[in-house]
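Written out below as structure tokens is the structure these notes cover.
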There are 2 protein chains.
Amino acid sequence: MRFQAPESLSEQIAQHLGQRIIEGGMRPGERIQELKVAGDLDVSRGSVREALLILERRHLIHIYPRKGAVVSGLSPELVQHLYDIYSGLLIMLAQKLAVTWQDKDLEPMARQVQWLLERIDAPDVTTPEIVQGGFEVMRLGYQVVGNPFLQETLENFRPAISRMYFLALQQYGREKAATREFFHQLLIDVYARDHGAIENTIRRFREHQLAIVLDTLKEDASLTSSVTS
Amino acid sequence: MRFQAPESLSEQIAQHLGQRIIEGGMRPGERIQELKVAGDLDVSRGSVREALLILERRHLIHIYPRKGAVVSGLSPELVQHLYDIYSGLLIMLAQKLAVTWQDKDLEPMARQVQWLLERIDAPDVTTPEIVQGGFEVMRLGYQVVGNPFLQETLENFRPAISRMYFLALQQYGREKAATREFFHQLLIDVYARDHGAIENTIRRFREHQLAIVLDTLKEDASLTSSVTS
């Protein structure tokens, strides 16, 4: 248990807006008007501007000079690029982990994977619970690897990846087997310090998830056409 | 030639402060006081806060809740972690490039490498010129690969890597042969679409540069001990 400092106001605003983007309440291409957000949330325009910089860092919006902030697009190409870099970073993390782990370093992670494999079949399991549980495995990896730059870079991609999970939520029921297999196999690969196997396991899961997200986008064409309001 | 929109005020402040950090005018661990910067530059405190968020994204400072902004440290471990992720991202870019290039895609990059190999031996060459020329090769790579997330992530690391170059500036004269060999070999590897060779070439150059930076840090112990003002 660690004492957690309360978030700054701009961080709170960023999380509020970020959650709306992740859950689809704000659509791809939608403009975010600083003044309107400031009025709606009863905060200063300066705090909103800071929140927008945080959201841009987390790949959820783009800020155009003098044009303002716009929710990031969801074209099939962008989604593919997102999964490309995210899986590349995960491979980097897992391969570093494979090199650095010693003694009982992997035990917290093994326990978390074990919990995940059990929960995934529980009748009362929820998708966000499994998604959070998966990210928690990644976070336990940071602690062993100890590279703050890799951690920060991966954490900055987490909201955009959460947005993908949310998008493919309905299909996610079908994903239990693949998710179970992924975490089970990845842990084995890291224990075996097998760089090639790590890359294959992550790439396979990436292809799998990407296919689901692309299917969802195809079914809902309104998501890929940019709103220009 | 493209029309370049003038930078926002917060971006200008970020570049000004960033340059001072890169060139060593602000030391590792030094606190950045919002009010003082706002007074010195005659800008609003809000613009300084936005600039600090931009600098944090570029890995040059850390912002601690309620404690404020501090120039990033330069311990040997941090430097090693920085080179780890940066070279990992470069490998990702070069391997993607190896997969995607077609026809004459690589020609602008080959011309830039050719220019670099010629300039590097010119009597009037400057180190910043070669560093910029090297980054330009990377930028030509983005255009072929077309992944905006990878581009953004690499660009965000550029200032911190520039800081390393600046640190090792004196030794850089000795580096001509290694730099020449690196760009020459990398281009060959990408043309050959040889993933293993790409990884080896980038890792070898990484080890080389890292050793120089670590030597410099050892010679100037004041750089690694954090200032706590």
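Ligands are numbered from 1 in the order shown, residues from 1 within each chain, and chains are lettered A, B, ... in the order they appear in the structure tokens.
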
Residues near Gln143 in chain A, cut-off 10 Å, only C-alpha atoms, skip fewer than 5 positions along chain, as a VMD selection string:
chain A and resid 97 105 138 148 151

Residues as selected, N, CA and C atoms, written as a tab-separated table (two decimals), in the first residue's frame, can you do that?
chain	number	residue	atom	x	y	z
A	97	LEU	N	12.46	-8.22	-19.99
A	97	LEU	CA	12.09	-9.01	-18.82
A	97	LEU	C	12.79	-10.37	-18.86
A	105	ASP	N	11.79	-12.87	-9.10
A	105	ASP	CA	11.25	-11.65	-9.72
A	105	ASP	C	9.91	-11.84	-10.40
A	138	MET	N	1.34	-6.23	-17.21
A	138	MET	CA	2.33	-5.34	-17.84
A	138	MET	C	3.01	-4.48	-16.79
A	148	PRO	N	12.16	3.55	-16.85
A	148	PRO	CA	11.04	4.50	-16.74
A	148	PRO	C	10.57	5.03	-18.09
A	151	GLN	N	8.29	2.36	-19.59
A	151	GLN	CA	7.05	2.36	-18.81
A	151	GLN	C	6.14	3.53	-19.23

List the neighbours of Ser75 in chain B out to 12 Å using only C-alpha atoms; skip same-chain residues closer than 4 positions along the sequence, and give me the result as a list in words.
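Here the answer would be Pro28, Gly29, Val79, Gln80, His81, Leu82, Met164, Val213, Leu214, Asp215, Thr216, Leu217, Lys218, Asp220, Ala221, Ser222, Leu223, Thr224, Ser225 and Ser226 of chain B.
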
Could you write out that same residue set with all heavy atoms as a tab-separated table (two decimals), in the first residue's frame?
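This is the output file again18.tsv:
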chain	number	residue	atom	x	y	z
B	28	PRO	N	20.88	18.68	-14.35
B	28	PRO	CA	20.01	17.59	-13.87
B	28	PRO	C	19.57	17.85	-12.43
B	28	PRO	O	20.39	18.23	-11.60
B	28	PRO	CB	20.93	16.37	-13.92
B	28	PRO	CG	22.03	16.72	-14.85
B	28	PRO	CD	22.18	18.20	-14.81
B	29	GLY	N	18.29	17.67	-12.18
B	29	GLY	CA	17.78	17.85	-10.82
B	29	GLY	C	17.38	19.27	-10.49
B	29	GLY	O	16.76	19.53	-9.46
B	79	VAL	N	20.57	6.85	-18.46
B	79	VAL	CA	21.11	7.01	-19.81
B	79	VAL	C	21.03	5.68	-20.57
B	79	VAL	O	20.66	5.63	-21.74
B	79	VAL	CB	22.57	7.54	-19.74
B	79	VAL	CG1	23.23	7.47	-21.10
B	79	VAL	CG2	22.58	8.98	-19.22
B	80	GLN	N	21.35	4.61	-19.86
B	80	GLN	CA	21.27	3.28	-20.47
B	80	GLN	C	19.82	2.94	-20.87
B	80	GLN	O	19.57	2.45	-21.97
B	80	GLN	CB	21.78	2.25	-19.47
B	80	GLN	CG	22.05	0.89	-20.07
B	80	GLN	CD	23.35	0.30	-19.54
B	80	GLN	OE1	23.98	0.86	-18.64
B	80	GLN	NE2	23.74	-0.82	-20.10
B	81	HIS	N	18.87	3.26	-19.97
B	81	HIS	CA	17.46	3.01	-20.28
B	81	HIS	C	17.00	3.84	-21.47
B	81	HIS	O	16.22	3.38	-22.31
B	81	HIS	CB	16.59	3.33	-19.06
B	81	HIS	CG	16.69	2.32	-17.96
B	81	HIS	ND1	16.63	0.96	-18.20
B	81	HIS	CD2	16.83	2.45	-16.61
B	81	HIS	CE1	16.75	0.31	-17.04
B	81	HIS	NE2	16.87	1.19	-16.07
B	82	LEU	N	17.49	5.08	-21.53
B	82	LEU	CA	17.13	5.96	-22.65
B	82	LEU	C	17.61	5.37	-23.98
B	82	LEU	O	16.85	5.27	-24.94
B	82	LEU	CB	17.74	7.35	-22.44
B	82	LEU	CG	17.56	8.36	-23.57
B	82	LEU	CD1	16.09	8.70	-23.75
B	82	LEU	CD2	18.37	9.63	-23.31
B	164	MET	N	22.21	14.03	-25.04
B	164	MET	CA	23.34	13.09	-24.94
B	164	MET	C	24.45	13.48	-25.91
B	164	MET	O	25.62	13.43	-25.58
B	164	MET	CB	22.88	11.66	-25.27
B	164	MET	CG	21.85	11.07	-24.33
B	164	MET	SD	22.44	10.97	-22.63
B	164	MET	CE	21.40	12.22	-21.88
B	213	VAL	N	28.99	8.35	-23.88
B	213	VAL	CA	28.22	9.17	-22.94
B	213	VAL	C	28.55	8.77	-21.50
B	213	VAL	O	28.77	9.62	-20.63
B	213	VAL	CB	26.71	9.05	-23.21
B	213	VAL	CG1	25.90	9.75	-22.11
B	213	VAL	CG2	26.37	9.64	-24.58
B	214	LEU	N	28.65	7.47	-21.25
B	214	LEU	CA	28.95	7.02	-19.88
B	214	LEU	C	30.36	7.46	-19.45
B	214	LEU	O	30.56	7.83	-18.30
B	214	LEU	CB	28.80	5.50	-19.78
B	214	LEU	CG	27.36	4.97	-19.91
B	214	LEU	CD1	27.31	3.46	-19.82
B	214	LEU	CD2	26.42	5.60	-18.88
B	215	ASP	N	31.30	7.44	-20.39
B	215	ASP	CA	32.65	7.96	-20.09
B	215	ASP	C	32.60	9.43	-19.69
B	215	ASP	O	33.24	9.85	-18.72
B	215	ASP	CB	33.56	7.84	-21.32
B	215	ASP	CG	34.18	6.45	-21.42
B	215	ASP	OD1	33.97	5.65	-20.50
B	215	ASP	OD2	34.86	6.18	-22.43
B	216	THR	N	31.82	10.21	-20.45
B	216	THR	CA	31.70	11.64	-20.17
B	216	THR	C	31.11	11.87	-18.78
B	216	THR	O	31.56	12.73	-18.03
B	216	THR	CB	30.80	12.32	-21.23
B	216	THR	OG1	31.25	11.92	-22.52
B	216	THR	CG2	30.86	13.83	-21.11
B	217	LEU	N	30.08	11.08	-18.45
B	217	LEU	CA	29.45	11.23	-17.14
B	217	LEU	C	30.45	10.91	-16.03
B	217	LEU	O	30.46	11.54	-14.98
B	217	LEU	CB	28.23	10.31	-17.02
B	217	LEU	CG	27.01	10.69	-17.85
B	217	LEU	CD1	25.89	9.68	-17.67
B	217	LEU	CD2	26.50	12.09	-17.47
B	218	LYS	N	31.29	9.91	-16.28
B	218	LYS	CA	32.26	9.51	-15.26
B	218	LYS	C	33.27	10.64	-15.02
B	218	LYS	O	33.69	10.89	-13.90
B	218	LYS	CB	32.97	8.24	-15.72
B	218	LYS	CG	33.15	7.22	-14.60
B	218	LYS	CD	33.90	5.98	-15.08
B	218	LYS	CE	33.02	5.04	-15.89
B	218	LYS	NZ	33.78	3.95	-16.52
B	220	ASP	N	32.74	13.85	-15.41
B	220	ASP	CA	32.14	15.02	-14.77
B	220	ASP	C	31.09	14.55	-13.77
B	220	ASP	O	29.89	14.47	-14.08
B	220	ASP	CB	31.49	15.93	-15.83
B	220	ASP	CG	30.96	17.22	-15.23
B	220	ASP	OD1	30.95	17.34	-13.98
B	220	ASP	OD2	30.53	18.10	-15.99
B	221	ALA	N	31.54	14.21	-12.56
B	221	ALA	CA	30.66	13.61	-11.56
B	221	ALA	C	29.50	14.55	-11.19
B	221	ALA	O	28.45	14.09	-10.76
B	221	ALA	CB	31.45	13.24	-10.32
B	222	SER	N	29.67	15.85	-11.40
B	222	SER	CA	28.63	16.81	-11.01
B	222	SER	C	27.36	16.60	-11.83
B	222	SER	O	26.28	17.00	-11.43
B	222	SER	CB	29.14	18.24	-11.19
B	222	SER	OG	29.17	18.57	-12.56
B	223	LEU	N	27.49	15.96	-13.00
B	223	LEU	CA	26.32	15.76	-13.85
B	223	LEU	C	25.38	14.67	-13.31
B	223	LEU	O	24.19	14.71	-13.56
B	223	LEU	CB	26.76	15.38	-15.27
B	223	LEU	CG	27.36	16.51	-16.09
B	223	LEU	CD1	27.97	15.97	-17.37
B	223	LEU	CD2	26.30	17.55	-16.42
B	224	THR	N	25.95	13.69	-12.64
B	224	THR	CA	25.12	12.59	-12.18
B	224	THR	C	24.53	12.82	-10.80
B	224	THR	O	23.51	12.25	-10.46
B	224	THR	CB	25.91	11.26	-12.18
B	224	THR	OG1	27.14	11.47	-11.50
B	224	THR	CG2	26.18	10.81	-13.60
B	225	SER	N	25.17	13.68	-9.99
B	225	SER	CA	24.60	13.97	-8.68
B	225	SER	C	23.49	14.98	-8.85
B	225	SER	O	23.70	16.06	-9.40
B	225	SER	CB	25.68	14.53	-7.74
B	225	SER	OG	26.14	15.76	-8.25
B	226	SER	N	22.28	14.60	-8.42
B	226	SER	CA	21.16	15.50	-8.61
B	226	SER	C	21.30	16.74	-7.75
B	226	SER	O	21.69	16.67	-6.58
B	226	SER	CB	19.85	14.78	-8.23
B	226	SER	OG	19.41	14.03	-9.32

Given a cut-off of 9 Å, which residues of chain B touch chain A, counting only C-alpha atoms, written out as a PyMOL selection string?
chain B and resi 5-8+46-47+49-50+53-54+57+59+65-66+77-78+80-82+84-85+88-89+92+146-150+153

Same-sequence overlay, chain B on chain A, C-alpha least squares, as a compact mmCIF listing (two decimals) with C-alpha atoms, in the first residue's frame:
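Result file is superposed-v7.txt:
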# COMPACT_ATOMS: atom_id res chain seq x y z
CA MET B 1 -0.14 -0.07 -0.15
CA ARG B 2 1.37 3.27 -1.14
CA PHE B 3 0.13 6.74 -0.40
CA GLN B 4 -1.28 8.08 -3.65
CA ALA B 5 -1.16 11.86 -4.11
CA PRO B 6 -4.51 13.18 -5.38
CA GLU B 7 -4.42 13.99 -9.08
CA SER B 8 -3.98 17.57 -10.25
CA LEU B 9 -7.05 19.32 -11.63
CA SER B 10 -5.78 19.09 -15.22
CA GLU B 11 -5.14 15.35 -14.74
CA GLN B 12 -8.71 14.93 -13.43
CA ILE B 13 -10.12 16.78 -16.44
CA ALA B 14 -7.92 14.68 -18.76
CA GLN B 15 -9.20 11.46 -17.19
CA HIS B 16 -12.81 12.62 -17.45
CA LEU B 17 -12.52 13.56 -21.13
CA GLY B 18 -10.32 10.55 -21.84
CA GLN B 19 -12.92 8.18 -20.43
CA ARG B 20 -15.57 9.72 -22.68
CA ILE B 21 -13.34 9.22 -25.72
CA ILE B 22 -12.49 5.64 -24.70
CA GLU B 23 -16.16 4.74 -24.22
CA GLY B 24 -17.19 6.33 -27.50
CA GLY B 25 -19.11 9.26 -25.98
CA MET B 26 -16.90 11.56 -28.05
CA ARG B 27 -16.58 10.46 -31.66
CA PRO B 28 -13.51 10.32 -33.92
CA GLY B 29 -12.93 13.70 -35.52
CA GLU B 30 -15.13 15.54 -33.02
CA ARG B 31 -13.84 18.98 -32.05
CA ILE B 32 -13.23 19.68 -28.38
CA GLN B 33 -14.02 23.28 -27.55
CA GLU B 34 -11.95 24.62 -24.66
CA LEU B 35 -14.49 27.22 -23.62
CA LYS B 36 -17.37 24.78 -23.67
CA VAL B 37 -15.49 22.18 -21.61
CA ALA B 38 -14.39 24.88 -19.16
CA GLY B 39 -18.02 26.01 -18.78
CA ASP B 40 -19.46 22.49 -18.51
CA LEU B 41 -16.96 21.43 -15.85
CA ASP B 42 -16.74 24.86 -14.17
CA VAL B 43 -12.94 24.99 -14.43
CA SER B 44 -10.54 27.54 -15.91
CA ARG B 45 -9.68 27.52 -19.59
CA GLY B 46 -6.01 27.11 -18.62
CA SER B 47 -6.75 23.83 -16.82
CA VAL B 48 -8.59 22.56 -19.90
CA ARG B 49 -5.62 23.46 -22.13
CA GLU B 50 -3.30 21.50 -19.84
CA ALA B 51 -5.72 18.55 -19.87
CA LEU B 52 -5.72 18.60 -23.67
CA LEU B 53 -1.90 18.40 -23.74
CA ILE B 54 -2.12 15.37 -21.45
CA LEU B 55 -4.72 13.74 -23.73
CA GLU B 56 -2.56 14.41 -26.79
CA ARG B 57 0.36 12.71 -25.08
CA ARG B 58 -1.96 9.72 -24.54
CA HIS B 59 -2.78 9.59 -28.25
CA LEU B 60 -6.51 10.25 -27.75
CA ILE B 61 -6.64 13.68 -29.44
CA HIS B 62 -4.69 15.87 -31.82
CA ILE B 63 -4.11 19.55 -31.23
CA TYR B 64 -3.80 21.64 -34.38
CA PRO B 65 -2.27 25.12 -34.04
CA ARG B 66 -5.05 27.72 -34.03
CA LYS B 67 -7.62 25.05 -35.03
CA GLY B 68 -7.84 23.39 -31.65
CA ALA B 69 -8.25 19.87 -30.37
CA VAL B 70 -9.90 17.02 -32.28
CA VAL B 71 -10.61 13.44 -31.12
CA SER B 72 -8.18 11.02 -32.83
CA GLY B 73 -9.42 9.17 -35.89
CA LEU B 74 -10.13 5.45 -36.09
CA SER B 75 -9.34 4.52 -39.67
CA PRO B 76 -8.27 0.89 -40.23
CA GLU B 77 -4.77 2.18 -41.07
CA LEU B 78 -4.45 4.16 -37.84
CA VAL B 79 -5.65 1.20 -35.80
CA GLN B 80 -3.10 -1.03 -37.50
CA HIS B 81 -0.31 1.50 -36.80
CA LEU B 82 -1.43 1.71 -33.18
CA TYR B 83 -1.26 -2.07 -32.71
CA ASP B 84 2.08 -2.15 -34.53
CA ILE B 85 3.86 0.16 -32.13
CA TYR B 86 2.04 -1.14 -29.06
CA SER B 87 2.98 -4.75 -29.78
CA GLY B 88 6.53 -3.64 -30.65
CA LEU B 89 6.81 -1.98 -27.23
CA LEU B 90 5.32 -5.04 -25.51
CA ILE B 91 7.88 -7.25 -27.25
CA MET B 92 10.60 -4.86 -26.04
CA LEU B 93 9.28 -5.09 -22.47
CA ALA B 94 8.89 -8.88 -22.47
CA GLN B 95 12.31 -9.45 -24.06
CA LYS B 96 13.95 -7.11 -21.51
CA LEU B 97 12.10 -9.01 -18.82
CA ALA B 98 13.44 -12.29 -20.22
CA VAL B 99 16.99 -10.92 -19.90
CA THR B 100 16.69 -9.26 -16.48
CA TRP B 101 14.54 -11.49 -14.26
CA GLN B 102 16.32 -13.26 -11.42
CA ASP B 103 15.30 -15.56 -8.61
CA LYS B 104 11.71 -14.84 -7.64
CA ASP B 105 11.25 -11.66 -9.72
CA LEU B 106 8.52 -13.18 -11.84
CA GLU B 107 6.42 -14.52 -8.99
CA PRO B 108 4.07 -11.52 -8.60
CA MET B 109 3.47 -11.62 -12.35
CA ALA B 110 2.89 -15.38 -12.35
CA ARG B 111 0.35 -14.93 -9.54
CA GLN B 112 -1.42 -12.18 -11.49
CA VAL B 113 -1.57 -14.38 -14.61
CA GLN B 114 -2.91 -17.25 -12.49
CA TRP B 115 -5.62 -14.96 -11.10
CA LEU B 116 -6.47 -13.82 -14.64
CA LEU B 117 -6.73 -17.40 -15.95
CA GLU B 118 -9.13 -18.23 -13.12
CA ARG B 119 -11.25 -15.06 -13.30
CA ILE B 120 -11.65 -15.26 -17.06
CA ASP B 121 -13.98 -18.27 -16.69
CA ALA B 122 -15.90 -17.01 -13.65
CA PRO B 123 -19.61 -16.52 -14.32
CA ASP B 124 -19.60 -12.97 -12.91
CA VAL B 125 -16.47 -11.80 -14.79
CA THR B 126 -16.64 -8.44 -16.59
CA THR B 127 -14.62 -7.39 -19.61
CA PRO B 128 -13.13 -4.26 -17.94
CA GLU B 129 -11.95 -6.49 -15.10
CA ILE B 130 -10.03 -8.73 -17.51
CA VAL B 131 -8.64 -5.74 -19.46
CA GLN B 132 -7.44 -4.12 -16.21
CA GLY B 133 -6.05 -7.45 -15.04
CA GLY B 134 -4.08 -7.73 -18.29
CA PHE B 135 -2.61 -4.23 -17.92
CA GLU B 136 -1.66 -5.14 -14.36
CA VAL B 137 0.54 -7.98 -15.71
CA MET B 138 2.32 -5.35 -17.84
CA ARG B 139 2.79 -3.08 -14.81
CA LEU B 140 4.36 -5.87 -12.79
CA GLY B 141 6.75 -6.26 -15.71
CA TYR B 142 7.87 -2.59 -15.46
CA GLN B 143 8.95 -3.14 -11.89
CA VAL B 144 11.35 -5.91 -12.85
CA VAL B 145 12.71 -4.17 -15.98
CA GLY B 146 12.99 -0.76 -14.28
CA ASN B 147 13.10 1.35 -17.46
CA PRO B 148 11.04 4.50 -16.74
CA PHE B 149 11.07 5.57 -20.41
CA LEU B 150 9.62 2.28 -21.61
CA GLN B 151 7.04 2.37 -18.81
CA GLU B 152 5.99 5.93 -19.63
CA THR B 153 5.76 5.22 -23.35
CA LEU B 154 3.67 2.08 -22.84
CA GLU B 155 1.43 3.79 -20.27
CA ASN B 156 0.81 6.62 -22.72
CA PHE B 157 -0.56 4.08 -25.20
CA ARG B 158 -2.83 2.40 -22.66
CA PRO B 159 -5.84 4.75 -23.10
CA ALA B 160 -5.80 4.34 -26.90
CA ILE B 161 -5.61 0.55 -26.50
CA SER B 162 -8.43 0.66 -23.93
CA ARG B 163 -10.45 2.51 -26.56
CA MET B 164 -9.90 -0.44 -28.90
CA TYR B 165 -11.03 -2.91 -26.23
CA PHE B 166 -14.14 -0.85 -25.63
CA LEU B 167 -14.85 -0.78 -29.34
CA ALA B 168 -14.63 -4.55 -29.60
CA LEU B 169 -16.45 -5.15 -26.34
CA GLN B 170 -19.33 -7.19 -27.76
CA GLN B 171 -17.01 -9.56 -29.56
CA TYR B 172 -14.84 -9.88 -26.49
CA GLY B 173 -16.88 -12.77 -25.12
CA ARG B 174 -15.47 -14.91 -27.92
CA GLU B 175 -11.94 -13.88 -26.96
CA LYS B 176 -11.58 -15.76 -23.73
CA ALA B 177 -9.69 -18.70 -25.20
CA ALA B 178 -7.18 -16.48 -27.07
CA THR B 179 -6.64 -14.24 -24.03
CA ARG B 180 -6.09 -17.22 -21.75
CA GLU B 181 -3.66 -18.80 -24.21
CA PHE B 182 -1.76 -15.49 -24.64
CA PHE B 183 -1.02 -14.85 -20.96
CA HIS B 184 -0.28 -18.49 -20.27
CA GLN B 185 2.15 -18.78 -23.20
CA LEU B 186 3.83 -15.40 -22.64
CA LEU B 187 4.70 -16.31 -19.07
CA ILE B 188 6.22 -19.60 -20.27
CA ASP B 189 8.25 -17.74 -22.93
CA VAL B 190 9.61 -15.19 -20.44
CA TYR B 191 10.55 -17.92 -17.95
CA ALA B 192 12.34 -19.71 -20.81
CA ARG B 193 14.08 -16.41 -21.80
CA ASP B 194 13.07 -17.26 -25.39
CA HIS B 195 13.14 -14.02 -27.43
CA GLY B 196 11.79 -15.56 -30.61
CA ALA B 197 8.88 -17.23 -28.83
CA ILE B 198 8.02 -13.95 -27.04
CA GLU B 199 7.87 -12.13 -30.36
CA ASN B 200 5.67 -14.82 -31.92
CA THR B 201 3.28 -15.01 -28.98
CA ILE B 202 2.78 -11.23 -28.86
CA ARG B 203 2.46 -10.92 -32.64
CA ARG B 204 -0.12 -13.71 -32.79
CA PHE B 205 -2.27 -12.06 -30.12
CA ARG B 206 -1.83 -8.68 -31.84
CA GLU B 207 -3.10 -10.09 -35.16
CA HIS B 208 -6.02 -11.66 -33.38
CA GLN B 209 -7.11 -8.49 -31.56
CA LEU B 210 -6.48 -6.32 -34.60
CA ALA B 211 -8.77 -8.52 -36.71
CA ILE B 212 -11.60 -8.14 -34.18
CA VAL B 213 -11.22 -4.35 -34.02
CA LEU B 214 -11.10 -4.06 -37.81
CA ASP B 215 -14.25 -6.21 -38.09
CA THR B 216 -16.03 -3.91 -35.63
CA LEU B 217 -14.98 -0.84 -37.61
CA LYS B 218 -16.29 -2.42 -40.80
CA GLU B 219 -19.67 -3.06 -39.17
CA ASP B 220 -20.01 0.52 -37.93
CA ALA B 221 -18.89 2.72 -40.83
CA SER B 222 -19.76 5.88 -38.86
CA LEU B 223 -16.69 5.27 -36.67
CA THR B 224 -14.19 5.57 -39.49
CA SER B 225 -15.67 8.59 -41.24
CA SER B 226 -14.30 11.64 -39.49
CA VAL B 227 -16.82 14.06 -38.09
CA THR B 228 -16.03 17.63 -39.13
CA SER B 229 -18.12 19.86 -36.95

Write out as a PyMOL selection string all residues of range 7-219 of chain B that DSSP puts in strand (DSSP E) for this structure's backbone.
chain B and resi 31-32+61-64+68-71

Step one, run DSSP on the backbone; step two, keep only residues of range 31-182 of chain A assigned to helix (DSSP H, G or I); then write them as a compact mmCIF listing (two decimals) with C-alpha atoms, in the first residue's frame.
# COMPACT_ATOMS: atom_id res chain seq x y z
CA GLU A 34 -11.95 24.62 -24.67
CA LEU A 35 -14.48 27.22 -23.63
CA LYS A 36 -17.39 24.78 -23.67
CA VAL A 37 -15.49 22.18 -21.61
CA ALA A 38 -14.39 24.88 -19.16
CA GLY A 39 -18.01 26.01 -18.78
CA ASP A 40 -19.46 22.50 -18.51
CA LEU A 41 -16.96 21.43 -15.84
CA ARG A 45 -9.68 27.52 -19.60
CA GLY A 46 -6.01 27.11 -18.61
CA SER A 47 -6.76 23.83 -16.83
CA VAL A 48 -8.61 22.56 -19.90
CA ARG A 49 -5.64 23.46 -22.13
CA GLU A 50 -3.32 21.50 -19.83
CA ALA A 51 -5.74 18.55 -19.87
CA LEU A 52 -5.73 18.60 -23.68
CA LEU A 53 -1.91 18.40 -23.74
CA ILE A 54 -2.13 15.36 -21.45
CA LEU A 55 -4.72 13.75 -23.74
CA GLU A 56 -2.58 14.42 -26.79
CA ARG A 57 0.36 12.71 -25.08
CA PRO A 76 -8.26 0.89 -40.24
CA GLU A 77 -4.75 2.18 -41.07
CA LEU A 78 -4.45 4.16 -37.84
CA VAL A 79 -5.65 1.19 -35.80
CA GLN A 80 -3.09 -1.04 -37.51
CA HIS A 81 -0.30 1.49 -36.81
CA LEU A 82 -1.42 1.71 -33.19
CA TYR A 83 -1.26 -2.06 -32.72
CA ASP A 84 2.08 -2.16 -34.54
CA ILE A 85 3.86 0.16 -32.14
CA TYR A 86 2.05 -1.14 -29.06
CA SER A 87 2.97 -4.75 -29.79
CA GLY A 88 6.53 -3.63 -30.66
CA LEU A 89 6.81 -1.98 -27.24
CA LEU A 90 5.31 -5.03 -25.51
CA ILE A 91 7.88 -7.25 -27.25
CA MET A 92 10.60 -4.87 -26.03
CA LEU A 93 9.28 -5.10 -22.47
CA ALA A 94 8.89 -8.88 -22.47
CA GLN A 95 12.31 -9.45 -24.06
CA LYS A 96 13.93 -7.11 -21.51
CA LEU A 97 12.09 -9.01 -18.82
CA ALA A 98 13.43 -12.27 -20.22
CA VAL A 99 16.99 -10.92 -19.90
CA THR A 100 16.69 -9.25 -16.48
CA GLU A 107 6.41 -14.51 -8.99
CA PRO A 108 4.07 -11.51 -8.60
CA MET A 109 3.47 -11.61 -12.34
CA ALA A 110 2.89 -15.38 -12.33
CA ARG A 111 0.33 -14.93 -9.53
CA GLN A 112 -1.43 -12.18 -11.49
CA VAL A 113 -1.56 -14.38 -14.61
CA GLN A 114 -2.89 -17.25 -12.49
CA TRP A 115 -5.62 -14.97 -11.11
CA LEU A 116 -6.46 -13.82 -14.64
CA LEU A 117 -6.73 -17.40 -15.95
CA GLU A 118 -9.13 -18.24 -13.12
CA ARG A 119 -11.24 -15.07 -13.31
CA THR A 127 -14.62 -7.39 -19.62
CA PRO A 128 -13.12 -4.26 -17.97
CA GLU A 129 -11.94 -6.48 -15.12
CA ILE A 130 -10.01 -8.72 -17.52
CA VAL A 131 -8.64 -5.73 -19.46
CA GLN A 132 -7.44 -4.11 -16.21
CA GLY A 133 -6.03 -7.44 -15.06
CA GLY A 134 -4.07 -7.73 -18.29
CA PHE A 135 -2.61 -4.22 -17.93
CA GLU A 136 -1.66 -5.14 -14.36
CA VAL A 137 0.54 -7.96 -15.72
CA MET A 138 2.33 -5.34 -17.84
CA ARG A 139 2.80 -3.09 -14.82
CA LEU A 140 4.36 -5.86 -12.80
CA GLY A 141 6.75 -6.26 -15.73
CA TYR A 142 7.84 -2.60 -15.47
CA GLN A 143 8.94 -3.14 -11.90
CA VAL A 144 11.34 -5.92 -12.87
CA VAL A 145 12.71 -4.18 -15.98
CA PRO A 148 11.04 4.50 -16.74
CA PHE A 149 11.07 5.57 -20.40
CA LEU A 150 9.63 2.28 -21.60
CA GLN A 151 7.05 2.36 -18.81
CA GLU A 152 5.97 5.92 -19.62
CA THR A 153 5.78 5.21 -23.35
CA LEU A 154 3.67 2.08 -22.84
CA GLU A 155 1.42 3.79 -20.27
CA ASN A 156 0.81 6.63 -22.72
CA PHE A 157 -0.56 4.08 -25.21
CA ARG A 158 -2.83 2.38 -22.65
CA PRO A 159 -5.83 4.75 -23.10
CA ALA A 160 -5.81 4.33 -26.91
CA ILE A 161 -5.60 0.54 -26.50
CA SER A 162 -8.44 0.66 -23.93
CA ARG A 163 -10.47 2.50 -26.56
CA MET A 164 -9.90 -0.45 -28.91
CA TYR A 165 -11.03 -2.91 -26.24
CA PHE A 166 -14.15 -0.86 -25.63
CA LEU A 167 -14.88 -0.80 -29.34
CA GLN A 170 -19.34 -7.18 -27.76
CA GLN A 171 -17.06 -9.58 -29.57
CA TYR A 172 -14.88 -9.89 -26.52
CA GLY A 173 -16.89 -12.82 -25.15
CA ARG A 174 -15.43 -14.93 -27.95
CA GLU A 175 -11.94 -13.88 -26.96
CA LYS A 176 -11.60 -15.77 -23.73
CA ALA A 177 -9.68 -18.69 -25.20
CA ALA A 178 -7.20 -16.47 -27.06
CA THR A 179 -6.66 -14.23 -24.03
CA ARG A 180 -6.11 -17.22 -21.75
CA GLU A 181 -3.68 -18.78 -24.20
CA PHE A 182 -1.79 -15.49 -24.63
